[in-house]
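Below is the file run-v5.txt, which contains compact mmCIF, C-alpha atoms.
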# COMPACT_ATOMS: atom_id res chain seq x y z
CA MET A 45 97.98 76.17 56.70
CA SER A 46 97.11 79.66 55.58
CA ALA A 47 93.59 79.32 57.00
CA HIS A 48 95.10 78.25 60.30
CA THR A 49 97.41 81.29 60.41
CA ASP A 50 94.50 83.57 59.58
CA ILE A 51 92.44 82.22 62.45
CA HIS A 52 95.44 82.50 64.72
CA ALA A 53 96.11 86.08 63.64
CA THR A 54 92.46 87.07 64.16
CA ALA A 55 92.42 85.51 67.62
CA HIS A 56 95.64 87.31 68.40
CA ALA A 57 94.21 90.64 67.24
CA HIS A 58 91.06 90.07 69.30
CA ALA A 59 93.14 89.33 72.37
CA HIS A 60 95.01 92.57 71.76
CA ASP A 61 91.82 94.64 71.38
CA ASP A 62 90.41 93.04 74.48
CA HIS A 63 93.59 93.83 76.37
CA ASP A 64 93.57 97.42 75.08
CA ALA A 65 89.98 97.98 76.17
CA LYS A 66 90.64 96.73 79.70
CA ALA A 67 94.01 98.47 80.09
CA PRO A 68 92.90 101.85 81.57
CA ARG A 69 90.89 100.06 84.25
CA THR A 70 93.92 97.95 85.17
CA TYR A 71 96.16 101.04 85.28
CA ILE A 72 93.77 102.84 87.66
CA LEU A 73 93.65 99.80 89.97
CA VAL A 74 97.46 99.55 89.94
CA LEU A 75 97.75 103.27 90.75
CA LEU A 76 95.34 102.88 93.69
CA ALA A 77 97.31 99.87 94.95
CA LEU A 78 100.56 101.86 94.70
CA LEU A 79 99.08 104.81 96.61
CA CYS A 80 97.72 102.48 99.32
CA LEU A 81 101.11 100.79 99.69
CA THR A 82 102.82 104.19 99.93
CA PHE A 83 100.41 105.19 102.70
CA ILE A 84 101.05 101.86 104.50
CA THR A 85 104.83 102.19 104.28
CA VAL A 86 104.73 105.74 105.71
CA SER A 87 102.38 104.68 108.53
CA ALA A 88 104.52 101.64 109.31
CA SER A 89 107.61 103.84 109.63
CA TYR A 90 106.05 105.55 112.70
CA ILE A 91 105.63 102.23 114.49
CA GLN A 92 108.51 101.08 116.68
CA TRP A 93 108.83 97.36 116.02
CA GLY A 94 111.38 96.74 118.73
CA SER A 95 114.20 96.09 116.31
CA GLY A 96 115.23 98.55 113.60
CA MET A 97 115.86 95.57 111.33
CA ILE A 98 112.11 94.84 111.12
CA ASN A 99 111.48 98.41 109.94
CA VAL A 100 114.02 97.94 107.15
CA ILE A 101 112.51 94.61 106.10
CA VAL A 102 108.93 95.98 106.11
CA ALA A 103 109.92 99.09 104.12
CA LEU A 104 111.97 97.16 101.54
CA THR A 105 109.32 94.45 101.12
CA ILE A 106 106.64 97.06 100.41
CA ALA A 107 109.02 98.89 98.04
CA THR A 108 109.65 95.63 96.17
CA ILE A 109 105.90 94.94 95.85
CA LYS A 110 105.44 98.48 94.48
CA ALA A 111 108.36 98.10 92.08
CA SER A 112 106.94 94.77 90.84
CA LEU A 113 103.55 96.38 90.18
CA VAL A 114 105.21 99.17 88.19
CA ALA A 115 107.37 96.72 86.21
CA LEU A 116 104.58 94.20 85.50
CA PHE A 117 101.77 96.61 84.56
CA PHE A 118 103.15 100.07 83.76
CA MET A 119 106.23 98.67 82.00
CA HIS A 120 104.06 95.95 80.38
CA LEU A 121 106.33 93.07 81.40
CA LEU A 122 103.30 90.87 82.14
CA HIS A 123 102.27 90.83 78.48
CA ASP A 124 105.69 91.38 76.97
CA ARG A 125 108.37 89.09 75.61
CA ALA A 126 110.20 87.19 78.35
CA MET A 127 113.57 88.54 77.20
CA ASN A 128 112.87 92.03 78.57
CA GLY A 129 111.95 90.64 81.97
CA ILE A 130 115.07 88.48 81.96
CA ILE A 131 117.21 91.59 81.36
CA LEU A 132 115.57 93.33 84.33
CA ILE A 133 115.95 90.34 86.63
CA ALA A 134 119.55 89.84 85.49
CA SER A 135 120.39 93.42 86.44
CA PHE A 136 119.01 92.77 89.94
CA VAL A 137 120.93 89.49 90.19
CA PHE A 138 124.19 91.29 89.38
CA LEU A 139 123.32 94.05 91.82
CA GLY A 140 122.82 91.31 94.43
CA ILE A 141 126.26 89.84 93.69
CA PHE A 142 127.77 93.32 94.01
CA LEU A 143 125.94 93.93 97.31
CA ILE A 144 126.79 90.56 98.87
CA SER A 145 130.48 90.66 97.96
CA CYS A 146 130.80 94.24 99.27
CA TYR A 147 129.03 93.35 102.52
CA THR A 148 131.07 90.22 103.19
CA ASP A 149 134.18 92.31 102.57
CA ALA A 150 133.00 95.08 104.91
CA VAL A 151 131.99 92.87 107.84
CA THR A 152 135.24 90.89 107.78
CA ARG A 153 137.46 94.00 107.86
CA ASP A 154 138.36 96.69 110.35
CA ASP A 155 136.39 99.93 110.48
CA ILE A 156 136.01 101.90 107.29
CA GLN A 157 136.59 105.60 107.88
CA PRO A 158 136.43 108.35 105.26
CA ALA A 159 139.95 109.42 104.25
CA ASN A 160 139.19 113.09 104.94
CA LEU A 161 137.91 112.53 108.48
CA LYS A 162 139.24 115.45 110.57
CA VAL A 163 139.32 113.74 113.96
CA LYS A 164 140.66 110.22 113.89
CA PRO A 165 138.39 107.83 115.77
CA ALA A 166 141.29 106.62 117.96
CA ALA A 167 141.62 110.16 119.37
CA VAL A 168 137.90 110.35 120.15
CA ALA A 169 137.61 107.02 121.88
CA PRO A 170 140.99 105.68 122.96
CA SER A 171 139.33 102.89 124.92
CA LYS A 172 138.15 101.40 121.61
CA VAL A 173 141.71 100.88 120.37
CA PRO A 174 142.69 97.25 120.90
CA ALA A 175 145.37 96.71 123.52
CA ALA A 176 147.91 95.52 120.98
CA THR A 177 151.47 96.70 121.16
CA PRO A 178 152.23 99.49 118.69
CA PRO A 179 154.39 98.34 115.75
CA GLY A 180 157.38 100.39 116.97
CA GLU A 181 157.60 98.66 120.35
CA HIS A 182 157.11 95.18 119.00
CA HIS A 183 159.96 92.81 119.86
CA MET B 353 128.96 71.27 27.64
CA SER B 354 127.31 74.63 27.51
CA ASP B 355 124.00 73.25 28.88
CA THR B 356 125.66 72.48 32.27
CA ILE B 357 126.13 76.15 32.98
CA ALA B 358 123.43 77.19 35.39
CA VAL B 359 121.32 80.04 34.25
CA ILE B 360 121.42 82.68 36.93
CA PRO B 361 118.03 84.29 37.15
CA LYS B 362 118.19 87.99 36.77
CA GLU B 363 117.57 89.67 40.11
CA PRO B 364 114.83 92.21 40.31
CA GLU B 365 116.21 95.69 40.31
CA VAL B 366 116.91 96.85 43.85
CA THR B 367 115.88 100.40 44.49
CA GLU B 368 117.32 102.47 47.30
CA HIS B 369 113.96 102.75 49.06
CA HIS B 370 111.34 100.19 48.31
CA ASP B 371 107.89 100.82 49.66
CA HIS B 372 107.50 100.64 53.38
CA PRO B 373 104.98 102.36 55.62
CA GLU B 374 105.87 105.59 57.36
CA GLY B 375 107.58 104.92 60.69
CA LEU B 376 108.81 101.46 59.70
CA GLN B 377 112.51 101.63 59.05
CA HIS B 378 114.01 100.16 55.93
CA HIS B 379 115.89 97.35 57.69
CA PHE B 380 112.96 95.89 59.64
CA ALA B 381 110.47 93.44 58.16
CA THR B 382 107.52 94.36 60.37
CA PHE B 383 106.49 96.94 62.95
CA GLU B 384 106.48 94.19 65.57
CA GLN B 385 110.10 93.32 64.84
CA GLN B 386 111.08 96.98 64.95
CA MET B 387 109.33 97.44 68.29
CA ASP B 388 110.95 94.32 69.80
CA ALA B 389 114.41 95.48 68.72
CA SER B 390 113.88 98.91 70.27
CA LYS B 391 112.52 97.40 73.47
CA ILE B 392 115.49 95.10 74.02
CA GLY B 393 117.83 98.03 73.49
CA MET B 394 115.83 100.14 75.94
CA TRP B 395 115.78 97.41 78.58
CA LEU B 396 119.55 96.99 78.29
CA PHE B 397 119.91 100.72 78.87
CA LEU B 398 117.57 100.49 81.88
CA ALA B 399 119.72 97.64 83.27
CA THR B 400 122.76 99.95 83.15
CA GLU B 401 120.71 102.63 84.93
CA ILE B 402 119.80 100.17 87.68
CA LEU B 403 123.48 99.33 88.13
CA LEU B 404 124.43 103.03 88.15
CA PHE B 405 122.04 103.73 91.02
CA GLY B 406 122.84 100.30 92.49
CA GLY B 407 126.41 101.40 93.20
CA LEU B 408 125.08 104.31 95.26
CA PHE B 409 122.60 102.06 97.07
CA VAL B 410 125.36 99.60 98.01
CA GLY B 411 127.58 102.45 99.21
CA PHE B 412 124.70 103.88 101.21
CA GLY B 413 124.04 100.51 102.84
CA LEU B 414 127.71 100.01 103.75
CA MET B 415 128.09 103.50 105.23
CA GLN B 416 124.80 103.20 107.11
CA SER B 417 125.98 100.02 108.81
CA LYS B 418 129.25 101.78 109.76
CA HIS B 419 127.67 105.05 110.98
CA LEU B 420 124.30 103.77 112.16
CA GLU B 421 123.71 106.34 114.88
CA ALA B 422 124.73 109.27 112.67
CA PHE B 423 122.49 108.07 109.84
CA VAL B 424 119.48 107.64 112.14
CA LEU B 425 119.90 111.16 113.54
CA ALA B 426 120.62 112.69 110.11
CA HIS B 427 117.53 111.22 108.49
CA HIS B 428 115.35 113.05 111.02
CA HIS B 429 116.32 116.25 109.19
CA LEU B 430 114.31 115.05 106.20
CA ASP B 431 110.62 115.86 105.99
CA LYS B 432 108.63 112.63 105.65
CA ASN B 433 105.54 114.53 104.48
CA LEU B 434 107.39 116.18 101.59
CA GLY B 435 108.88 112.80 100.67
CA PHE B 436 105.42 111.26 100.77
CA LEU B 437 104.01 114.07 98.62
CA ASN B 438 106.77 113.57 96.05
CA THR B 439 106.17 109.81 96.00
CA VAL B 440 102.47 110.35 95.30
CA VAL B 441 103.29 112.91 92.59
CA LEU B 442 105.70 110.49 90.87
CA LEU B 443 103.27 107.55 91.08
CA VAL B 444 100.52 109.69 89.52
CA SER B 445 102.94 110.82 86.81
CA SER B 446 103.72 107.16 86.05
CA PHE B 447 99.99 106.53 85.69
CA THR B 448 99.48 109.50 83.35
CA MET B 449 102.51 108.35 81.33
CA VAL B 450 101.17 104.83 80.86
CA MET B 451 97.80 106.31 79.89
CA ALA B 452 99.53 108.53 77.33
CA VAL B 453 101.19 105.44 75.83
CA HIS B 454 97.84 103.65 75.81
CA CYS B 455 96.12 106.59 74.09
CA ALA B 456 98.89 106.85 71.49
CA LYS B 457 98.44 103.13 70.80
CA THR B 458 94.67 103.48 70.45
CA GLU B 459 95.04 106.62 68.29
CA GLN B 460 93.45 109.14 70.66
CA ARG B 461 95.70 112.06 69.83
CA ARG B 462 94.09 114.73 72.02
CA LYS B 463 94.05 112.50 75.11
CA THR B 464 97.70 111.51 74.50
CA LEU B 465 98.68 115.19 74.54
CA VAL B 466 96.66 115.89 77.72
CA TYR B 467 98.20 112.92 79.56
CA LEU B 468 101.71 113.93 78.47
CA LEU B 469 101.11 117.46 79.77
CA CYS B 470 99.89 116.00 83.09
CA THR B 471 103.09 113.94 83.31
CA LEU B 472 105.19 117.05 82.65
CA ALA B 473 103.24 118.97 85.30
CA CYS B 474 103.84 116.20 87.85
CA ALA B 475 107.56 116.21 87.03
CA ALA B 476 107.63 119.98 87.55
CA ILE B 477 105.83 119.66 90.91
CA PHE B 478 108.34 116.99 91.95
CA LEU B 479 111.28 119.27 91.13
CA CYS B 480 109.63 122.24 92.92
CA VAL B 481 109.21 120.20 96.11
CA LYS B 482 112.82 119.02 95.74
CA TYR B 483 113.91 122.66 95.37
CA PHE B 484 112.23 123.59 98.68
CA GLU B 485 113.77 120.58 100.41
CA TYR B 486 117.22 121.44 99.07
CA SER B 487 117.02 125.14 99.98
CA HIS B 488 115.96 124.20 103.51
CA LYS B 489 119.03 121.96 103.81
CA PHE B 490 121.35 124.57 102.30
CA HIS B 491 120.03 127.04 104.85
CA GLU B 492 120.70 124.66 107.75
CA GLY B 493 124.17 123.76 106.51
CA LEU B 494 123.16 120.12 105.96
CA LEU B 495 125.52 119.65 103.05
CA PRO B 496 127.72 116.85 101.73
CA GLY B 497 131.35 116.30 102.72
CA HIS B 498 133.35 119.23 104.05
CA PHE B 499 130.57 121.71 103.14
CA TYR B 500 128.62 120.34 106.10
CA SER B 501 128.24 123.15 108.65
CA HIS B 502 125.26 122.19 110.81
CA LYS B 503 125.79 123.25 114.43
CA GLY B 504 124.94 121.41 117.61
CA ASP B 505 125.33 117.81 116.46
CA THR B 506 125.62 115.28 119.26
CA VAL B 507 126.84 112.51 116.95
CA PRO B 508 129.67 113.08 114.42
CA ASP B 509 129.83 111.94 110.78
CA GLN B 510 126.32 113.05 109.82
CA PHE B 511 127.82 114.61 106.69
CA VAL B 512 128.21 111.08 105.29
CA PHE B 513 124.43 110.71 105.17
CA PHE B 514 124.05 114.04 103.36
CA SER B 515 126.76 113.13 100.87
CA PHE B 516 124.65 110.13 99.87
CA TYR B 517 121.40 112.08 100.12
CA PHE B 518 122.53 114.79 97.69
CA MET B 519 124.29 112.35 95.35
CA MET B 520 121.32 109.99 95.08
CA THR B 521 118.47 112.52 94.96
CA GLY B 522 120.59 114.81 92.77
CA LEU B 523 121.29 112.08 90.22
CA HIS B 524 117.62 111.13 90.35
CA GLY B 525 116.66 114.78 89.88
CA PHE B 526 118.80 115.00 86.74
CA HIS B 527 117.01 111.89 85.47
CA ILE B 528 113.70 113.68 86.04
CA LEU B 529 115.01 116.67 84.05
CA GLY B 530 116.16 114.35 81.25
CA GLY B 531 112.76 112.66 81.33
CA MET B 532 111.04 116.03 80.96
CA VAL B 533 113.10 116.76 77.85
CA ALA B 534 112.23 113.30 76.45
CA ILE B 535 108.52 113.76 77.23
CA THR B 536 108.54 117.15 75.49
CA TRP B 537 110.11 115.44 72.48
CA VAL B 538 107.36 112.77 72.26
CA PHE B 539 104.76 115.48 72.95
CA LEU B 540 105.87 117.28 69.79
CA LYS B 541 105.84 114.01 67.86
CA ALA B 542 102.35 113.21 69.13
CA LYS B 543 101.20 116.72 68.27
CA ALA B 544 102.44 116.23 64.72
CA GLY B 545 100.31 113.08 64.59
CA GLN B 546 103.22 110.70 64.10
CA PHE B 547 101.87 107.91 66.27
CA ASN B 548 99.33 105.29 65.29
CA ARG B 549 98.23 101.75 66.15
CA GLU B 550 101.26 100.30 64.38
CA TYR B 551 103.92 102.82 65.31
CA TYR B 552 104.23 104.31 68.79
CA THR B 553 107.77 103.16 69.67
CA PRO B 554 109.21 106.52 70.88
CA ILE B 555 106.43 107.22 73.36
CA ASP B 556 106.58 103.64 74.64
CA MET B 557 110.36 103.86 75.17
CA VAL B 558 110.11 107.22 76.96
CA GLY B 559 107.38 105.63 79.08
CA LEU B 560 109.71 102.77 80.07
CA TYR B 561 112.41 105.27 81.06
CA TRP B 562 109.92 107.34 83.07
CA HIS B 563 108.68 104.27 84.96
CA LEU B 564 112.27 103.33 85.80
CA VAL B 565 112.86 106.78 87.28
CA ASP B 566 109.70 106.21 89.33
CA LEU B 567 110.89 102.73 90.30
CA ILE B 568 114.20 104.10 91.61
CA TRP B 569 112.34 106.69 93.69
CA ILE B 570 110.20 103.86 95.12
CA TYR B 571 113.42 102.51 96.70
CA LEU B 572 115.02 105.89 97.47
CA PHE B 573 112.03 107.18 99.44
CA PRO B 574 111.91 104.51 102.20
CA LEU B 575 115.71 104.21 102.41
CA LEU B 576 116.37 107.94 102.84
CA TYR B 577 113.21 109.20 104.53
CA LEU B 578 111.66 106.33 106.47
CA ILE B 579 114.19 103.83 107.80
CA SER B 580 115.44 104.70 111.26

What does the file become when written as structure tokens?
Amino acid sequence: MSAHTDIHATAHAHAHDDHDAKAPRTYILVLLALLCLTFITVSASYIQWGSGMINVIVALTIATIKASLVALFFMHLLHDRAMNGIILIASFVFLGIFLISCYTDAVTRDDIQPANLKVKPAAVAPSKVPAATPPGEHH
Amino acid sequence: MSDTIAVIPKEPEVTEHHDHPEGLQHHFATFEQQMDASKIGMWLFLATEILLFGGLFVGFGLMQSKHLEAFVLAHHHLDKNLGFLNTVVLLVSSFTMVMAVHCAKTEQRRKTLVYLLCTLACAAIFLCVKYFEYSHKFHEGLLPGHFYSHKGDTVPDQFVFFSFYFMMTGLHGFHILGGMVAITWVFLKAKAGQFNREYYTPIDMVGLYWHLVDLIWIYLFPLLYLIS
């Protein structure tokens, strides 16, 4: 039993040393990938894709790839305990719930206007006001 | 009868501080356990940071969909090149930070200090560029809320964009400042030779925080500067 643990421990230590020796090389490659992706995302922003939605999707996809590279390599999640990664993913899941519930609320409601807006939108564009009878005249 | 009474073995005398290596706290069995405990705590903190910025991102998305034209016009006031420069600076600083952690782990004290100084320098460059961007906007009256005084707008409500711009980049800027303080702290620790193969928790935790600040900028940059 003890011999087995010793062998295991040695193998573990070797794996660690091996990982340590290769780490700077990995970090440089990750940095280069991040810089390339930054260059690509800036270049892509000058292209008119026809729909603005495609620009958003391209930019956010590249940002997510970059963020994953940072999390996996710079934040060591690739070689770390799974729990830390689960915490990160959980925070994004909850952010997603927050985002989706806010969006579904916003798209199923009337216009949101800041409370301190000086000129009320109805005064700017009266044609936009629905042709409903004002509450006072309703009978 | 008396032989049924169990003889309680006398416990070894417990001293206040039994022997444990420097850096390993009394209540942890091993360095690995200590490191894992710190890491989980740090990741929980980072999760709260993501949700803090997440609220602003959600608000930004909602307001953008409501004031699309104003947001598109407003974002043209931002300089893509300066944003790009700052992104590169932050990515490089993340690299120097992870190298500093690596060098602390492999007991290369001098290199650790050099990489930490590089990270601090990058952070300072980032804040300098931010200062020039901000002063340009102050000069043009591109300010949040009722401070907005830019003349000649064709589309109203552009102040909403700048409210989010200053709130998000400002909060991020304060995180950079906090990170600089934390990096200075681990720099002093590294200088005193407190890190070794077994114990490098503080520098690793500050590294995680620094990468998160970088990660948030990775999303801020395209959303504020690029999307039209």

Exercise for review: Check every residue of chain B for an atom within 9 Å of chain A, counting all atoms listed in the file, and provide those that qualify as a PyMOL selection string.
Suggested key: chain B and resi 388+391-392+395-396+398-400+402-403+406-407+409-411+413-415+418+432-433+436+439-440+443-444+446-447+449-451+454+457-458+497-498+509+512+556+559-560+563-564+566-568+570-571+573-575+578-580

Check your understanding: How far is it from atom CA of Tyr577 of chain B to atom CA of His428 of chain B, in Å with one decimal?
Key ->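 Taking atom CA of Tyr577 of chain B and atom CA of His428 of chain B, their separation equals 7.8 Å.
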
**Study point:** Which residue of B:Leu572, B:Tyr500, B:Phe514, B:Pro554 approaches Val424 of chain B most closely, using all atoms listed in the file
**Key:**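 Nearest candidate to Val424 of chain B out of B:Leu572, B:Tyr500, B:Phe514, B:Pro554: B:Phe514.
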
Check your understanding: Which protein, DNA or RNA residues are at most 12 Å from (123.6, 113.0, 96.5) in the file's coordinates when you count all atoms listed in the file, listed as a list in words?
Key -> Phe405, Leu408, Phe409, Gly411, Phe412, Tyr486, Leu494, Leu495, Pro496, Gly497, Phe511, Val512, Phe513, Phe514, Ser515, Phe516, Tyr517, Phe518, Met519, Met520, Thr521, Gly522, Leu523, His524, Gly525, Phe526, Leu572 and Leu576 of chain B

Exercise for review: One decimal, Å: what's the distance from atom CA of Val538 of chain B over to atom CA of Ile555 of chain B, could you say?
Suggested key: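 That distance, rounded to one decimal, is 5.7 Å.
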
Output as a PDB file, in the frame of the given file: segment 472-490 of chain B, completed with N, CA and C atoms.
ATOM      1  N   LEU B 472     104.221 115.957  82.539  1.00  0.00           N
ATOM      2  CA  LEU B 472     105.190 117.050  82.650  1.00  0.00           C
ATOM      3  C   LEU B 472     104.906 117.901  83.880  1.00  0.00           C
ATOM      4  N   ALA B 473     103.620 118.158  84.135  1.00  0.00           N
ATOM      5  CA  ALA B 473     103.240 118.970  85.300  1.00  0.00           C
ATOM      6  C   ALA B 473     103.674 118.269  86.589  1.00  0.00           C
ATOM      7  N   CYS B 474     103.435 116.958  86.661  1.00  0.00           N
ATOM      8  CA  CYS B 474     103.840 116.200  87.850  1.00  0.00           C
ATOM      9  C   CYS B 474     105.353 116.281  88.046  1.00  0.00           C
ATOM     10  N   ALA B 475     106.095 116.136  86.945  1.00  0.00           N
ATOM     11  CA  ALA B 475     107.560 116.210  87.030  1.00  0.00           C
ATOM     12  C   ALA B 475     107.979 117.572  87.565  1.00  0.00           C
ATOM     13  N   ALA B 476     107.295 118.628  87.097  1.00  0.00           N
ATOM     14  CA  ALA B 476     107.630 119.980  87.550  1.00  0.00           C
ATOM     15  C   ALA B 476     107.320 120.136  89.035  1.00  0.00           C
ATOM     16  N   ILE B 477     106.177 119.587  89.483  1.00  0.00           N
ATOM     17  CA  ILE B 477     105.830 119.660  90.910  1.00  0.00           C
ATOM     18  C   ILE B 477     106.903 118.947  91.730  1.00  0.00           C
ATOM     19  N   PHE B 478     107.309 117.767  91.244  1.00  0.00           N
ATOM     20  CA  PHE B 478     108.340 116.990  91.950  1.00  0.00           C
ATOM     21  C   PHE B 478     109.603 117.838  92.140  1.00  0.00           C
ATOM     22  N   LEU B 479     110.040 118.494  91.051  1.00  0.00           N
ATOM     23  CA  LEU B 479     111.280 119.270  91.130  1.00  0.00           C
ATOM     24  C   LEU B 479     111.100 120.501  92.025  1.00  0.00           C
ATOM     25  N   CYS B 480     109.890 121.098  92.038  1.00  0.00           N
ATOM     26  CA  CYS B 480     109.630 122.240  92.920  1.00  0.00           C
ATOM     27  C   CYS B 480     109.765 121.824  94.379  1.00  0.00           C
ATOM     28  N   VAL B 481     109.132 120.687  94.723  1.00  0.00           N
ATOM     29  CA  VAL B 481     109.210 120.200  96.110  1.00  0.00           C
ATOM     30  C   VAL B 481     110.671 119.930  96.462  1.00  0.00           C
ATOM     31  N   LYS B 482     111.399 119.311  95.529  1.00  0.00           N
ATOM     32  CA  LYS B 482     112.820 119.020  95.740  1.00  0.00           C
ATOM     33  C   LYS B 482     113.588 120.327  95.974  1.00  0.00           C
ATOM     34  N   TYR B 483     113.240 121.373  95.212  1.00  0.00           N
ATOM     35  CA  TYR B 483     113.910 122.660  95.370  1.00  0.00           C
ATOM     36  C   TYR B 483     113.709 123.192  96.788  1.00  0.00           C
ATOM     37  N   PHE B 484     112.480 123.101  97.319  1.00  0.00           N
ATOM     38  CA  PHE B 484     112.230 123.590  98.680  1.00  0.00           C
ATOM     39  C   PHE B 484     112.981 122.753  99.703  1.00  0.00           C
ATOM     40  N   GLU B 485     113.011 121.441  99.493  1.00  0.00           N
ATOM     41  CA  GLU B 485     113.770 120.580 100.410  1.00  0.00           C
ATOM     42  C   GLU B 485     115.247 120.950 100.403  1.00  0.00           C
ATOM     43  N   TYR B 486     115.798 121.104  99.194  1.00  0.00           N
ATOM     44  CA  TYR B 486     117.220 121.440  99.070  1.00  0.00           C
ATOM     45  C   TYR B 486     117.523 122.777  99.724  1.00  0.00           C
ATOM     46  N   SER B 487     116.694 123.813  99.451  1.00  0.00           N
ATOM     47  CA  SER B 487     117.020 125.140  99.980  1.00  0.00           C
ATOM     48  C   SER B 487     116.952 125.135 101.500  1.00  0.00           C
ATOM     49  N   HIS B 488     116.027 124.338 102.052  1.00  0.00           N
ATOM     50  CA  HIS B 488     115.960 124.200 103.510  1.00  0.00           C
ATOM     51  C   HIS B 488     117.270 123.618 104.045  1.00  0.00           C
ATOM     52  N   LYS B 489     117.785 122.598 103.350  1.00  0.00           N
ATOM     53  CA  LYS B 489     119.030 121.960 103.810  1.00  0.00           C
ATOM     54  C   LYS B 489     120.239 122.864 103.613  1.00  0.00           C
ATOM     55  N   PHE B 490     120.264 123.603 102.528  1.00  0.00           N
ATOM     56  CA  PHE B 490     121.350 124.570 102.300  1.00  0.00           C
ATOM     57  C   PHE B 490     121.360 125.578 103.430  1.00  0.00           C
TER      58      PHE B 490
END
